[in-house]
file final.pdb (PDB, C-alpha atoms)
ATOM      1  CA  MET A   4     113.537 134.801  67.228  1.00  0.00           C
ATOM      2  CA  PRO A   5     110.586 132.379  67.589  1.00  0.00           C
ATOM      3  CA  ASN A   6     108.198 132.797  70.486  1.00  0.00           C
ATOM      4  CA  ILE A   7     109.443 130.362  73.133  1.00  0.00           C
ATOM      5  CA  ALA A   8     106.049 130.002  74.800  1.00  0.00           C
ATOM      6  CA  LEU A   9     104.455 128.916  71.525  1.00  0.00           C
ATOM      7  CA  GLU A  10     107.226 126.405  70.858  1.00  0.00           C
ATOM      8  CA  LEU A  11     106.864 124.918  74.348  1.00  0.00           C
ATOM      9  CA  GLY A  12     103.102 124.750  73.864  1.00  0.00           C
ATOM     10  CA  LYS A  13     103.521 122.810  70.630  1.00  0.00           C
ATOM     11  CA  MET A  14     105.923 120.378  72.307  1.00  0.00           C
ATOM     12  CA  SER A  15     103.673 119.795  75.327  1.00  0.00           C
ATOM     13  CA  ALA A  16     100.634 119.090  73.114  1.00  0.00           C
ATOM     14  CA  ASN A  17     102.288 115.804  72.132  1.00  0.00           C
ATOM     15  CA  ILE A  18     102.655 114.705  75.758  1.00  0.00           C
ATOM     16  CA  GLY A  19      98.922 114.403  76.564  1.00  0.00           C
ATOM     17  CA  VAL A  20      97.528 110.974  77.275  1.00  0.00           C
ATOM     18  CA  THR A  21     100.767 109.133  76.548  1.00  0.00           C
ATOM     19  CA  SER A  22     102.290 110.461  79.768  1.00  0.00           C
ATOM     20  CA  SER A  23      99.325 109.319  81.882  1.00  0.00           C
ATOM     21  CA  TYR A  24      98.765 105.916  80.309  1.00  0.00           C
ATOM     22  CA  GLY A  25     101.712 103.656  79.520  1.00  0.00           C
ATOM     23  CA  GLU A  26     102.082 101.114  76.770  1.00  0.00           C
ATOM     24  CA  GLN A  27     100.003  97.960  77.126  1.00  0.00           C
ATOM     25  CA  GLN A  28     102.004  95.017  78.451  1.00  0.00           C
ATOM     26  CA  ASP A  29     101.076  91.336  78.148  1.00  0.00           C
ATOM     27  CA  VAL A  30     102.278  89.250  81.085  1.00  0.00           C
ATOM     28  CA  ASP A  31     101.262  85.570  81.247  1.00  0.00           C
ATOM     29  CA  GLY A  32      98.063  86.198  79.292  1.00  0.00           C
ATOM     30  CA  VAL A  33      97.101  89.216  81.403  1.00  0.00           C
ATOM     31  CA  ARG A  34      96.987  92.648  79.773  1.00  0.00           C
ATOM     32  CA  ILE A  35      98.255  95.518  81.910  1.00  0.00           C
ATOM     33  CA  VAL A  36      98.029  99.252  81.158  1.00  0.00           C
ATOM     34  CA  PRO A  37      99.958 101.367  83.716  1.00  0.00           C
ATOM     35  CA  VAL A  38      98.348 104.636  84.832  1.00  0.00           C
ATOM     36  CA  ALA A  39     100.078 107.693  86.303  1.00  0.00           C
ATOM     37  CA  ALA A  40      99.072 111.149  87.486  1.00  0.00           C
ATOM     38  CA  THR A  41     101.168 113.706  85.638  1.00  0.00           C
ATOM     39  CA  TRP A  42     101.739 117.425  85.923  1.00  0.00           C
ATOM     40  CA  SER A  43     103.906 119.638  83.778  1.00  0.00           C
ATOM     41  CA  GLY A  44     104.581 123.320  83.453  1.00  0.00           C
ATOM     42  CA  PHE A  45     106.476 125.484  81.039  1.00  0.00           C
ATOM     43  CA  GLY A  46     107.392 129.114  80.906  1.00  0.00           C
ATOM     44  CA  GLY A  47     109.367 131.505  78.840  1.00  0.00           C
ATOM     45  CA  GLY A  48     110.044 135.151  78.345  1.00  0.00           C
ATOM     46  CA  SER A  49     112.156 137.749  76.627  1.00  0.00           C
ATOM     47  CA  ASP A  50     112.988 141.427  76.866  1.00  0.00           C
ATOM     48  CA  GLU A  51     113.197 144.212  74.299  1.00  0.00           C
ATOM     49  CA  SER A  52     116.886 143.449  73.682  1.00  0.00           C
ATOM     50  CA  GLY A  53     116.092 139.998  72.357  1.00  0.00           C
ATOM     51  CA  ASN A  54     117.361 138.178  75.429  1.00  0.00           C
ATOM     52  CA  GLY A  55     115.089 135.307  76.232  1.00  0.00           C
ATOM     53  CA  GLY A  56     114.846 132.008  77.927  1.00  0.00           C
ATOM     54  CA  GLY A  57     112.491 129.298  78.883  1.00  0.00           C
ATOM     55  CA  GLY A  58     112.169 126.186  80.897  1.00  0.00           C
ATOM     56  CA  GLY A  59     109.868 123.566  82.112  1.00  0.00           C
ATOM     57  CA  GLY A  60     109.421 120.649  84.383  1.00  0.00           C
ATOM     58  CA  GLY A  61     107.145 117.797  85.149  1.00  0.00           C
ATOM     59  CA  PHE A  62     106.153 115.196  87.692  1.00  0.00           C
ATOM     60  CA  SER A  63     104.691 111.745  87.321  1.00  0.00           C
ATOM     61  CA  ALA A  64     103.376 109.489  90.086  1.00  0.00           C
ATOM     62  CA  PRO A  65     102.288 105.916  89.352  1.00  0.00           C
ATOM     63  CA  ILE A  66      98.759 105.441  90.685  1.00  0.00           C
ATOM     64  CA  GLY A  67      97.957 101.936  89.460  1.00  0.00           C
ATOM     65  CA  ALA A  68      97.141  99.847  86.444  1.00  0.00           C
ATOM     66  CA  TYR A  69      94.185  98.639  84.441  1.00  0.00           C
ATOM     67  CA  VAL A  70      94.322  94.847  84.373  1.00  0.00           C
ATOM     68  CA  ARG A  71      92.363  92.706  81.914  1.00  0.00           C
ATOM     69  CA  ARG A  72      91.942  89.046  82.777  1.00  0.00           C
ATOM     70  CA  GLY A  73      89.747  87.391  80.168  1.00  0.00           C
ATOM     71  CA  ASP A  74      86.628  89.544  79.842  1.00  0.00           C
ATOM     72  CA  THR A  75      87.118  91.333  83.171  1.00  0.00           C
ATOM     73  CA  LEU A  76      88.748  94.768  83.350  1.00  0.00           C
ATOM     74  CA  THR A  77      89.708  96.066  86.797  1.00  0.00           C
ATOM     75  CA  PHE A  78      91.759  98.936  88.150  1.00  0.00           C
ATOM     76  CA  GLU A  79      94.378  97.926  90.710  1.00  0.00           C
ATOM     77  CA  PRO A  80      95.767 100.906  92.640  1.00  0.00           C
ATOM     78  CA  ASN A  81      99.398 101.342  93.625  1.00  0.00           C
ATOM     79  CA  LEU A  82      99.068 101.248  97.411  1.00  0.00           C
ATOM     80  CA  VAL A  83     102.309 103.147  98.065  1.00  0.00           C
ATOM     81  CA  SER A  84     101.163 106.089  95.914  1.00  0.00           C
ATOM     82  CA  LEU A  85      97.682 105.897  97.400  1.00  0.00           C
ATOM     83  CA  LEU A  86      99.108 106.230 100.916  1.00  0.00           C
ATOM     84  CA  ALA A  87     101.469 109.017  99.827  1.00  0.00           C
ATOM     85  CA  VAL A  88      98.445 111.014  98.643  1.00  0.00           C
ATOM     86  CA  ALA A  89      95.909 109.916 101.257  1.00  0.00           C
ATOM     87  CA  ILE A  90      97.923 110.687 104.395  1.00  0.00           C
ATOM     88  CA  PRO A  91      98.487 114.399 103.647  1.00  0.00           C
ATOM     89  CA  PHE A  92      94.917 114.723 102.310  1.00  0.00           C
ATOM     90  CA  VAL A  93      93.406 113.252 105.482  1.00  0.00           C
ATOM     91  CA  TRP A  94      95.603 115.504 107.629  1.00  0.00           C
ATOM     92  CA  VAL A  95      94.585 118.657 105.743  1.00  0.00           C
ATOM     93  CA  ALA A  96      90.908 117.651 105.670  1.00  0.00           C
ATOM     94  CA  GLY A  97      90.946 116.906 109.414  1.00  0.00           C
ATOM     95  CA  ARG A  98      92.640 120.196 110.206  1.00  0.00           C
ATOM     96  CA  ALA A  99      90.177 122.139 108.046  1.00  0.00           C
ATOM     97  CA  LEU A 100      87.218 120.331 109.614  1.00  0.00           C
ATOM     98  CA  SER A 101      88.452 121.087 113.135  1.00  0.00           C
ATOM     99  CA  ARG A 102      88.802 124.789 112.277  1.00  0.00           C
ATOM    100  CA  ILE A 103      85.306 124.863 110.768  1.00  0.00           C
ATOM    101  CA  ILE A 104      83.837 123.238 113.875  1.00  0.00           C
ATOM    102  CA  ARG A 105      85.751 125.646 116.105  1.00  0.00           C
ATOM    103  CA  ALA A 106      84.471 128.640 114.087  1.00  0.00           C
ATOM    104  CA  LEU A 107      80.865 127.377 114.242  1.00  0.00           C
ATOM    105  CA  LYS A 108      81.047 126.996 118.030  1.00  0.00           C
ATOM    106  CA  LYS A 109      81.799 130.719 118.494  1.00  0.00           C
TER     107      LYS A 109
END
call {"tool": "encode", "arguments": {"input": "final.pdb", "output": "structure tokens"}}
result
Amino acid sequence: MPNIALELGKMSANIGVTSSYGEQQDVDGVRIVPVAATWSGFGGGSDESGNGGGGGGGFSAPIGAYVRRGDTLTFEPNLVSLLAVAIPFVWVAGRALSRIIRALKK
């Protein structure tokens, strides 16, 4: 029986950059390359009896696009994704900062 972890590793090596950067699109003379933040994980295992299994999963969140107009290349963020990430980050950072300040006061 082939090693499942090695097989999953070989399959995930092909994902790479193609899952974070989409295919270039031309819309009305403007070139757009979509960008996403991606995560994936795989696992597998077996026992001495030869019973084995594996699985995996992934997540992709669109974060924006690179837009080329003429000679100018700019990154335009996806505001919905930016807010979805920023709100929890600001909450956690604020909570951590308040605990640090409270600990320093003692």
call {"tool": "closest_residue", "arguments": {"input": "final.pdb", "among": "A:Gly46, A:Arg105, A:Gly55, A:Thr41", "to": "A:Leu9", "atoms": "all atoms listed in the file"}}
result
A:Gly46
call {"tool": "resolve_selection", "arguments": {"input": "final.pdb", "expression": "the PyMOL selection byres ((chain A and resi 42) around 10)", "output": "list in words"}}
result
Ser22, Ser23, Ala39, Ala40, Thr41, Ser43, Gly44, Gly60, Gly61, Phe62, Ser63 and Ala64 of chain A
call {"tool": "atom_distance", "arguments": {"input": "final.pdb", "atom1": "atom CA of A:Ala68", "atom2": "atom CA of A:Ala96"}}
result
26.9 Å
call {"tool": "axis_aligned_box", "arguments": {"input": "final.pdb", "around": "stretch 51-69 of chain A", "padding_each_side": "5 Å", "output": "AutoDock Vina command-line options"}}
result
--center_x 105.8 --center_y 121.4 --center_z 81.5 --size_x 33.2 --size_y 55.6 --size_z 28.3
call {"tool": "atom_distance", "arguments": {"input": "final.pdb", "atom1": "atom CA of A:Pro65", "atom2": "atom CA of A:Pro80"}}
result
8.9 Å
call {"tool": "atom_distance", "arguments": {"input": "final.pdb", "atom1": "atom CA of A:Gln28", "atom2": "atom CA of A:Arg72"}}
result
12.5 Å
call {"tool": "closest_residue", "arguments": {"input": "final.pdb", "among": "A:Asn6, A:Val38, A:Gly25, A:Thr75", "to": "A:Gly53", "atoms": "only C-alpha atoms"}}
result
A:Asn6
call {"tool": "residues_around", "arguments": {"input": "final.pdb", "residues": "A:Glu26", "least_positions_apart": "6", "cutoff": "10 Å", "atoms": "all atoms listed in the file", "output": "list in words"}}
result
Ile35, Val36, Pro37 and Val38 of chain A
call {"tool": "closest_residue", "arguments": {"input": "final.pdb", "among": "A:Gly57, A:Gly48, A:Asp74, A:Leu100", "to": "A:Arg34", "atoms": "only C-alpha atoms"}}
result
A:Asp74
call {"tool": "closest_residue", "arguments": {"input": "final.pdb", "among": "A:Val93, A:Ile66, A:Val30, A:Ala106", "to": "A:Glu79", "atoms": "all atoms listed in the file"}}
result
A:Ile66
call {"tool": "closest_residue", "arguments": {"input": "final.pdb", "among": "A:Val83, A:Phe78, A:Tyr69, A:Phe45", "to": "A:Lys13", "atoms": "only C-alpha atoms"}}
result
A:Phe45
call {"tool": "closest_residue", "arguments": {"input": "final.pdb", "among": "A:Val95, A:Val88, A:Leu107, A:Val33", "to": "A:Val70", "atoms": "all atoms listed in the file"}}
result
A:Val33
call {"tool": "decode", "arguments": {"input": "final.pdb", "residues": "stretch 69-81 of chain A", "atoms": "N, CA, C and O atoms", "output": "CSV table (one decimal), in the first residue's frame"}}
result
chain,number,residue,atom,x,y,z
A,69,TYR,N,-4.9,42.5,-8.5
A,69,TYR,CA,-3.9,43.4,-9.1
A,69,TYR,C,-4.5,43.9,-10.4
A,69,TYR,O,-5.0,43.1,-11.2
A,70,VAL,N,-4.6,45.2,-10.6
A,70,VAL,CA,-5.2,45.8,-11.7
A,70,VAL,C,-4.2,46.6,-12.5
A,70,VAL,O,-3.5,47.4,-11.9
A,71,ARG,N,-4.0,46.3,-13.8
A,71,ARG,CA,-3.1,47.0,-14.7
A,71,ARG,C,-3.9,47.9,-15.6
A,71,ARG,O,-4.7,47.3,-16.4
A,72,ARG,N,-3.8,49.2,-15.5
A,72,ARG,CA,-4.4,50.1,-16.5
A,72,ARG,C,-3.2,50.8,-17.1
A,72,ARG,O,-2.5,51.7,-16.5
A,73,GLY,N,-3.0,50.5,-18.4
A,73,GLY,CA,-1.8,51.1,-19.1
A,73,GLY,C,-0.5,50.6,-18.5
A,73,GLY,O,-0.3,49.5,-18.5
A,74,ASP,N,0.3,51.6,-18.0
A,74,ASP,CA,1.6,51.2,-17.4
A,74,ASP,C,1.5,51.2,-15.9
A,74,ASP,O,2.5,51.0,-15.2
A,75,THR,N,0.3,51.4,-15.3
A,75,THR,CA,0.1,51.5,-13.9
A,75,THR,C,-0.4,50.2,-13.3
A,75,THR,O,-1.4,49.7,-13.8
A,76,LEU,N,0.3,49.6,-12.3
A,76,LEU,CA,-0.2,48.4,-11.7
A,76,LEU,C,-0.5,48.7,-10.2
A,76,LEU,O,0.3,49.3,-9.5
A,77,THR,N,-1.8,48.4,-9.8
A,77,THR,CA,-2.2,48.7,-8.5
A,77,THR,C,-2.9,47.5,-7.9
A,77,THR,O,-3.4,46.6,-8.6
A,78,PHE,N,-2.9,47.4,-6.6
A,78,PHE,CA,-3.6,46.4,-5.9
A,78,PHE,C,-4.9,47.0,-5.3
A,78,PHE,O,-4.8,48.0,-4.6
A,79,GLU,N,-6.0,46.4,-5.6
A,79,GLU,CA,-7.3,46.9,-5.1
A,79,GLU,C,-7.8,45.8,-4.2
A,79,GLU,O,-8.2,44.7,-4.6
A,80,PRO,N,-7.9,46.1,-2.9
A,80,PRO,CA,-8.4,45.1,-1.9
A,80,PRO,C,-9.9,44.9,-2.0
A,80,PRO,O,-10.7,45.7,-2.4
A,81,ASN,N,-10.3,43.7,-1.6
A,81,ASN,CA,-11.7,43.3,-1.5
A,81,ASN,C,-12.1,43.8,-0.1
A,81,ASN,O,-11.7,43.3,0.9
